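Here is the structure we will look at, set down as structure tokens.
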Amino acid sequence: MNPHTTPAATKPTETPTTENAPLIPLPLTTARTLTATGALLSAASTFLSWTWTTRFPGNLTVNGYPGGLQLLTLTGALLTLAYTLTSWNTPGLRWLNPARSNNATALLATATLATTWYTLITIAVQLGGLANLEPGGYAAALTTLLTLLGTLALPLDQHTEHTDDTANIENTENTNPSTSPPKATTRARALTRTTLRTIRPGHPHQQPPPPRPLPPWAEILIIAAAFGLALGIVTYGIGTAYGELFTGFLLLAGLGTAALARAGLLNRLTALTAKHRTPTVTAAFVAAALFPLTQDTDQYTLIAVNILIFSTVALGLNVVVGLAGLLDLGYVAFLGVGAYTAALVSGTTASTLGIRFPFWAAVLTGAAASLVFGIVIGAPTLRLRGDYLAIVTLGFGEIFRITVGNLNGESGPSLTNGPNGIPNIPDLVLFGYSFGDTHHLGTITLNPFANYYLLMLLFTVIVVLVFSRAGNSRIGRAWIAIREDETAATAMGINGFRLKLLAFALGATLAGLAGTVQAHVAYTVVPEQYVFAGPVPPNSAFLLAAVILGGMGTISGPLLGAALLYLIPAKLQFLQDYQLLAFGTALILLMRFRPEGLIPNRRRQLEFHDPTTTGSTLTHAEATTP
């Protein structure tokens, strides 16, 4: 090799590190005092009136009694104060922050500021100007800003990646001494080119101290208390009476959850649930089953029923998209197949078949019809990949909607009553138990939609069990292999077509299962319910968004994604013409800052956030663990 030949440049070395430094230079004691004082004053400001008129919902005109959105600001301020006190190692509060990270405090201060300023801006916009704010509103704005500035002066964990070109310079010096500059100049250039790639709040590399050992019964009580608290939060969110309150709740809950994760509290809870799986599943089921008992009317129970239907269908799509990696844009059609099948055999006078199956038979018939459609559509199309498969499935969804809209005896055979659909679907009767009646079980009262809620909860549990068993089986591992690299999977002896068809058929069956209940809950089925995209879920676009935003390949991700994507459009109706704009903006921001989903599995989380680890180094258990 010619000694004067310049060698190929080596790749710069990237070294991720975690630095702990404030963004605003202040003494630590001053920063803590500023944060605690600001949080305390923010809490006190909620006892003052924020506006003089009751035209803004929530009645924020009363002194000495927080109401509406003021309660959210009060909650955020008290949580910020509690986490600030943990930095002083206050006895009885250290368990709130196992990671000893000030980032949790900063996130809670951000949540309080966002909720408060959103409220004040909304008051000014809706009522016609800042003149509608009372001094208490200005005090809340200033104190929440003061709190956030205080937290930014605390030492924050910052994830840093340094790119060091020193190795390149040394290589050049050693191999080409005649053309290289003096060593001192070379070193200076190397240090100059050592660049700071990113600075963002990150997880500390050091592990939090191990938790104090607790007896098993205490750990189970903690799990039960956590699910009870989650039930209360979900109940409050669903029961918010107006859109402004729900938006404030969403801001506080979202950033508050991120703060708990940064504090390490969620990791501790996850470890407990992994250790006690049976009590965890039992507590989750009991908490979900108790939801109807917290409601006085059917209004919010109906919302919960529709969320469960949407979630169950999203889990079915997760088999196709999350496990097998098949992009299906017409999946809502399988929900329609199950719903129309159940409606035709429900015994309604609008049915052209004139037959009535018992419910268990109607469920099996709807699931079987969707299975057949899944196989018929999948067999000739699953040899396609990527965009081509997506276009074909999109066409199938539109063909289904147009077809059922024309089977009215004029444009086609008389089967579905065309665009009028099949109305007057009777309530379910299972073993003499009518789901349309109010039942009293001792002191417990079950309204009609509470009955459907419990039935749909049972179906959701079945679908979760099927998804879990399928994903952890040999077939599930083969689906993941096909999703990651179908060519490599085929080379290893996996029959890609057969397994993709199996995933397509299983996903269609689960959607049809949910459709049989949806037909009885809605009392009617019409073609317009099963479109590709629209303002009201479920539709194919919303289902796909629920899977991707929640976390592909996981169980809890699509459940959470479906719940949010159903609630957000329903609660943002006060925005009127700007509803979809706000919804789309929220999706863009979520995909920008959380591209792996809200609850990702380990593989996708590392793909997006750990440059030193590749997915190929993960085991199957790590790849499928949320």
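Ligands are numbered from 1 in the order shown, chains are lettered A, B, ... in the order of the structure tokens, and residues start at 1 in each chain.
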Report task. Run DSSP on the backbone of this structure and report the residues of stretch 346-460 of chain A it assigns to strand (DSSP E or B), as an NGL selection string. Result -> :A and (346 or 356 or 408 or 414 or 422 or 429-430 or 433-434 or 439-441 or 444-446)
With N, CA, C and O atoms kept, could you save the residues just selected as a short mmCIF file (atom, residue, chain, number, x, y, z; two decimals), in the first residue's frame?
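Saved result, part-v4.cif, follows:
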```cif
data_model
loop_
_atom_site.label_atom_id
_atom_site.label_comp_id
_atom_site.auth_asym_id
_atom_site.auth_seq_id
_atom_site.Cartn_x
_atom_site.Cartn_y
_atom_site.Cartn_z
N SER A 346 -81.05 -12.08 13.44
CA SER A 346 -81.48 -11.62 14.76
C SER A 346 -82.98 -11.74 14.97
O SER A 346 -83.45 -11.57 16.10
N ARG A 356 -84.39 -16.48 13.16
CA ARG A 356 -83.81 -15.95 14.41
C ARG A 356 -82.97 -17.04 15.05
O ARG A 356 -83.49 -18.09 15.42
N ASN A 408 -80.68 -4.16 -2.44
CA ASN A 408 -81.97 -3.68 -1.96
C ASN A 408 -83.14 -4.17 -2.81
O ASN A 408 -84.26 -3.67 -2.69
N SER A 414 -82.42 -8.71 -2.99
CA SER A 414 -82.97 -8.11 -1.78
C SER A 414 -82.40 -8.84 -0.57
O SER A 414 -82.84 -9.93 -0.22
N ILE A 422 -80.43 -2.35 8.09
CA ILE A 422 -81.31 -3.27 8.82
C ILE A 422 -81.58 -2.65 10.18
O ILE A 422 -80.72 -2.70 11.08
N VAL A 429 -81.02 -11.92 24.13
CA VAL A 429 -81.54 -12.72 25.24
C VAL A 429 -80.66 -13.96 25.34
O VAL A 429 -80.58 -14.75 24.40
N LEU A 430 -79.97 -14.10 26.46
CA LEU A 430 -79.03 -15.21 26.64
C LEU A 430 -79.43 -15.98 27.88
O LEU A 430 -79.39 -15.46 29.00
N TYR A 433 -81.88 -14.27 30.04
CA TYR A 433 -81.44 -12.97 30.56
C TYR A 433 -81.52 -11.96 29.44
O TYR A 433 -80.75 -12.03 28.47
N SER A 434 -82.43 -11.00 29.54
CA SER A 434 -82.61 -9.99 28.51
C SER A 434 -81.66 -8.83 28.75
O SER A 434 -81.66 -8.22 29.82
N HIS A 439 -81.74 -4.84 35.44
CA HIS A 439 -81.73 -5.96 36.38
C HIS A 439 -81.16 -5.49 37.71
O HIS A 439 -80.26 -4.64 37.77
N HIS A 440 -81.68 -6.07 38.78
CA HIS A 440 -81.24 -5.74 40.12
C HIS A 440 -80.68 -7.01 40.77
O HIS A 440 -81.40 -7.99 40.96
N LEU A 441 -79.39 -6.97 41.06
CA LEU A 441 -78.72 -8.08 41.72
C LEU A 441 -78.36 -7.64 43.13
O LEU A 441 -77.28 -7.12 43.38
N ILE A 444 -77.04 -4.06 43.59
CA ILE A 444 -76.40 -3.67 42.32
C ILE A 444 -77.46 -3.56 41.24
O ILE A 444 -78.28 -4.48 41.06
N THR A 445 -77.47 -2.45 40.53
CA THR A 445 -78.41 -2.22 39.43
C THR A 445 -77.63 -2.20 38.12
O THR A 445 -76.66 -1.44 37.97
N LEU A 446 -78.07 -3.03 37.19
CA LEU A 446 -77.43 -3.11 35.87
C LEU A 446 -78.40 -2.58 34.83
O LEU A 446 -79.45 -3.20 34.57
#
```
**Report entry** Distance query A:Thr297 at most 8 Å, only C-alpha atoms, self and fewer than 3 positions along chain excluded, as a list in words
**Finding:** Tyr300, Thr301 and Asn447 of chain A
Closest pair table for stretch 382-435 of chain A residues within 10 Å of stretch 336-344 of chain A, only C-alpha atoms, as a tab-separated table:
```
residue	atom	partner	partner_atom	distance
A:Gly397	CA	A:Gly336	CA	9.6
A:Phe400	CA	A:Gly336	CA	8.4
A:Arg401	CA	A:Gly336	CA	8.5
A:Val404	CA	A:Tyr340	CA	9.0
A:Leu415	CA	A:Leu344	CA	8.4
A:Thr416	CA	A:Tyr340	CA	7.8
A:Gly421	CA	A:Tyr340	CA	8.8
A:Ile422	CA	A:Ala343	CA	6.8
A:Pro423	CA	A:Ala343	CA	8.4
A:Asn424	CA	A:Ala343	CA	9.2
A:Ile425	CA	A:Ala343	CA	6.4
A:Pro426	CA	A:Ala343	CA	9.0
```
With only C-alpha atoms as the counted atoms, please give the residues lying no more than 9 Å from A:Ala368, apart from itself and same-chain residues fewer than 2 positions off, as a short mmCIF file (atom, residue, chain, number, x, y, z; two decimals) with all heavy atoms, in the first residue's frame.
```cif
data_model
loop_
_atom_site.label_atom_id
_atom_site.label_comp_id
_atom_site.auth_asym_id
_atom_site.auth_seq_id
_atom_site.Cartn_x
_atom_site.Cartn_y
_atom_site.Cartn_z
N GLY A 338 -69.59 -9.21 10.11
CA GLY A 338 -70.13 -9.78 11.33
C GLY A 338 -71.40 -9.10 11.78
O GLY A 338 -72.36 -9.77 12.21
N VAL A 363 -73.38 -15.47 17.07
CA VAL A 363 -71.96 -15.12 17.21
C VAL A 363 -71.10 -16.01 16.34
O VAL A 363 -70.20 -15.55 15.61
CB VAL A 363 -71.53 -15.22 18.69
CG1 VAL A 363 -70.02 -15.12 18.82
CG2 VAL A 363 -72.20 -14.14 19.51
N LEU A 364 -71.36 -17.31 16.39
CA LEU A 364 -70.58 -18.24 15.57
C LEU A 364 -70.80 -17.98 14.09
O LEU A 364 -69.86 -18.08 13.28
CB LEU A 364 -70.95 -19.68 15.94
CG LEU A 364 -70.58 -20.13 17.36
CD1 LEU A 364 -71.04 -21.56 17.60
CD2 LEU A 364 -69.08 -20.01 17.59
N THR A 365 -72.04 -17.67 13.72
CA THR A 365 -72.34 -17.41 12.31
C THR A 365 -71.62 -16.16 11.81
O THR A 365 -71.03 -16.13 10.74
CB THR A 365 -73.85 -17.26 12.10
OG1 THR A 365 -74.52 -18.42 12.60
CG2 THR A 365 -74.18 -17.10 10.63
N GLY A 366 -71.66 -15.08 12.63
CA GLY A 366 -70.98 -13.85 12.24
C GLY A 366 -69.48 -14.04 12.14
O GLY A 366 -68.84 -13.55 11.19
N SER A 370 -67.21 -13.83 8.61
CA SER A 370 -66.02 -13.00 8.46
C SER A 370 -64.79 -13.84 8.13
O SER A 370 -63.93 -13.42 7.34
CB SER A 370 -65.77 -12.21 9.76
OG SER A 370 -66.82 -11.31 10.02
N LEU A 371 -64.70 -15.03 8.72
CA LEU A 371 -63.60 -15.94 8.40
C LEU A 371 -63.59 -16.30 6.93
O LEU A 371 -62.53 -16.26 6.27
CB LEU A 371 -63.70 -17.19 9.27
CG LEU A 371 -62.75 -18.34 8.93
CD1 LEU A 371 -61.31 -17.92 9.16
CD2 LEU A 371 -63.10 -19.58 9.76
N VAL A 372 -64.76 -16.62 6.40
CA VAL A 372 -64.85 -16.98 4.98
C VAL A 372 -64.45 -15.81 4.11
O VAL A 372 -63.68 -15.97 3.14
CB VAL A 372 -66.28 -17.46 4.65
CG1 VAL A 372 -66.45 -17.63 3.15
CG2 VAL A 372 -66.59 -18.77 5.37
N PHE A 373 -64.94 -14.64 4.43
CA PHE A 373 -64.57 -13.46 3.64
C PHE A 373 -63.07 -13.20 3.73
O PHE A 373 -62.43 -12.80 2.74
CB PHE A 373 -65.35 -12.24 4.12
CG PHE A 373 -66.65 -12.03 3.41
CD1 PHE A 373 -67.79 -12.71 3.82
CD2 PHE A 373 -66.74 -11.17 2.32
CE1 PHE A 373 -69.00 -12.52 3.16
CE2 PHE A 373 -67.94 -10.98 1.66
CZ PHE A 373 -69.08 -11.67 2.08
N THR A 509 -61.82 -12.97 11.72
CA THR A 509 -62.73 -13.65 12.66
C THR A 509 -62.95 -12.83 13.91
O THR A 509 -64.09 -12.70 14.41
CB THR A 509 -62.16 -15.03 13.01
OG1 THR A 509 -61.95 -15.79 11.82
CG2 THR A 509 -63.11 -15.79 13.93
N GLY A 512 -65.25 -9.96 13.13
CA GLY A 512 -66.63 -10.42 13.00
C GLY A 512 -67.26 -10.71 14.34
O GLY A 512 -68.46 -10.48 14.55
N LEU A 513 -66.46 -11.22 15.28
CA LEU A 513 -66.95 -11.48 16.64
C LEU A 513 -67.44 -10.20 17.29
O LEU A 513 -68.52 -10.15 17.90
CB LEU A 513 -65.82 -12.10 17.46
CG LEU A 513 -66.19 -12.73 18.80
CD1 LEU A 513 -66.97 -14.01 18.59
CD2 LEU A 513 -64.93 -13.01 19.60
#
```
Query raised in the report: If we count only C-alpha atoms, what is near A:Pro22 at a cut-off of 12 Å, once residues fewer than 6 positions away on the same chain are taken out, given as a PyMOL selection string?
Result: chain A and resi 28+31-32+102-103+106+149-158+201
Requested in this report: Have a look at A:Ala511, A:Leu457, A:Ile223, A:Ala218 and name the one nearest to A:Ala274; count only C-alpha atoms.
Outcome: A:Ile223
Query raised in the report: Which is closer to A:Thr280 than all the others in A:Leu71, A:Ala546, A:Ala226, A:Leu590, using only C-alpha atoms?
Result: A:Ala226
Requested in this report: Could you check which of A:Gly553, A:Gly395, A:Gly409, A:Pro292 is closest to A:Gly330, using only C-alpha atoms?
Outcome: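 Among A:Gly553, A:Gly395, A:Gly409, A:Pro292, it is A:Gly395 that comes nearest to A:Gly330.
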**Report entry** Atomic distance atom CA of A:Leu327 - atom CA of A:Pro569, expressed in Å with one decimal
**Finding:**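 The value is 24.1 Å.
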Query raised in the report: Which residue, A:Leu458, A:Ile599, A:Val526, A:Ile568, has the smallest gap to A:Ala582 when you use only C-alpha atoms?
Result: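 Closest residue, counting only C-alpha atoms: A:Ile568.
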Query raised in the report: Do you know which residues are at most 8 Å from A:Thr294 counting only C-alpha atoms, after dropping those on the same chain fewer than 3 positions away, and could you put them as a list in words?
Result: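 Using only C-alpha atoms, the neighbours found are Thr235, Leu290 and Phe291 of chain A.
Distance-wise, atom CA of A:Gly374 and atom CA of A:Phe334 end up 7.6 Å apart.
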Report task. Tell me, in Å to one decimal, how far atom CA of A:Ser49 is from atom CA of A:Val62. Result -> 5.2 Å
Report task. List every residue of stretch 44-183 of chain A that DSSP, applied to the backbone of this structure, assigns to alpha helix (DSSP H), and report them as a VMD selection string. Result -> chain A and resid 44 to 45 69 to 86 103 to 127 135 to 152 166 to 175 183
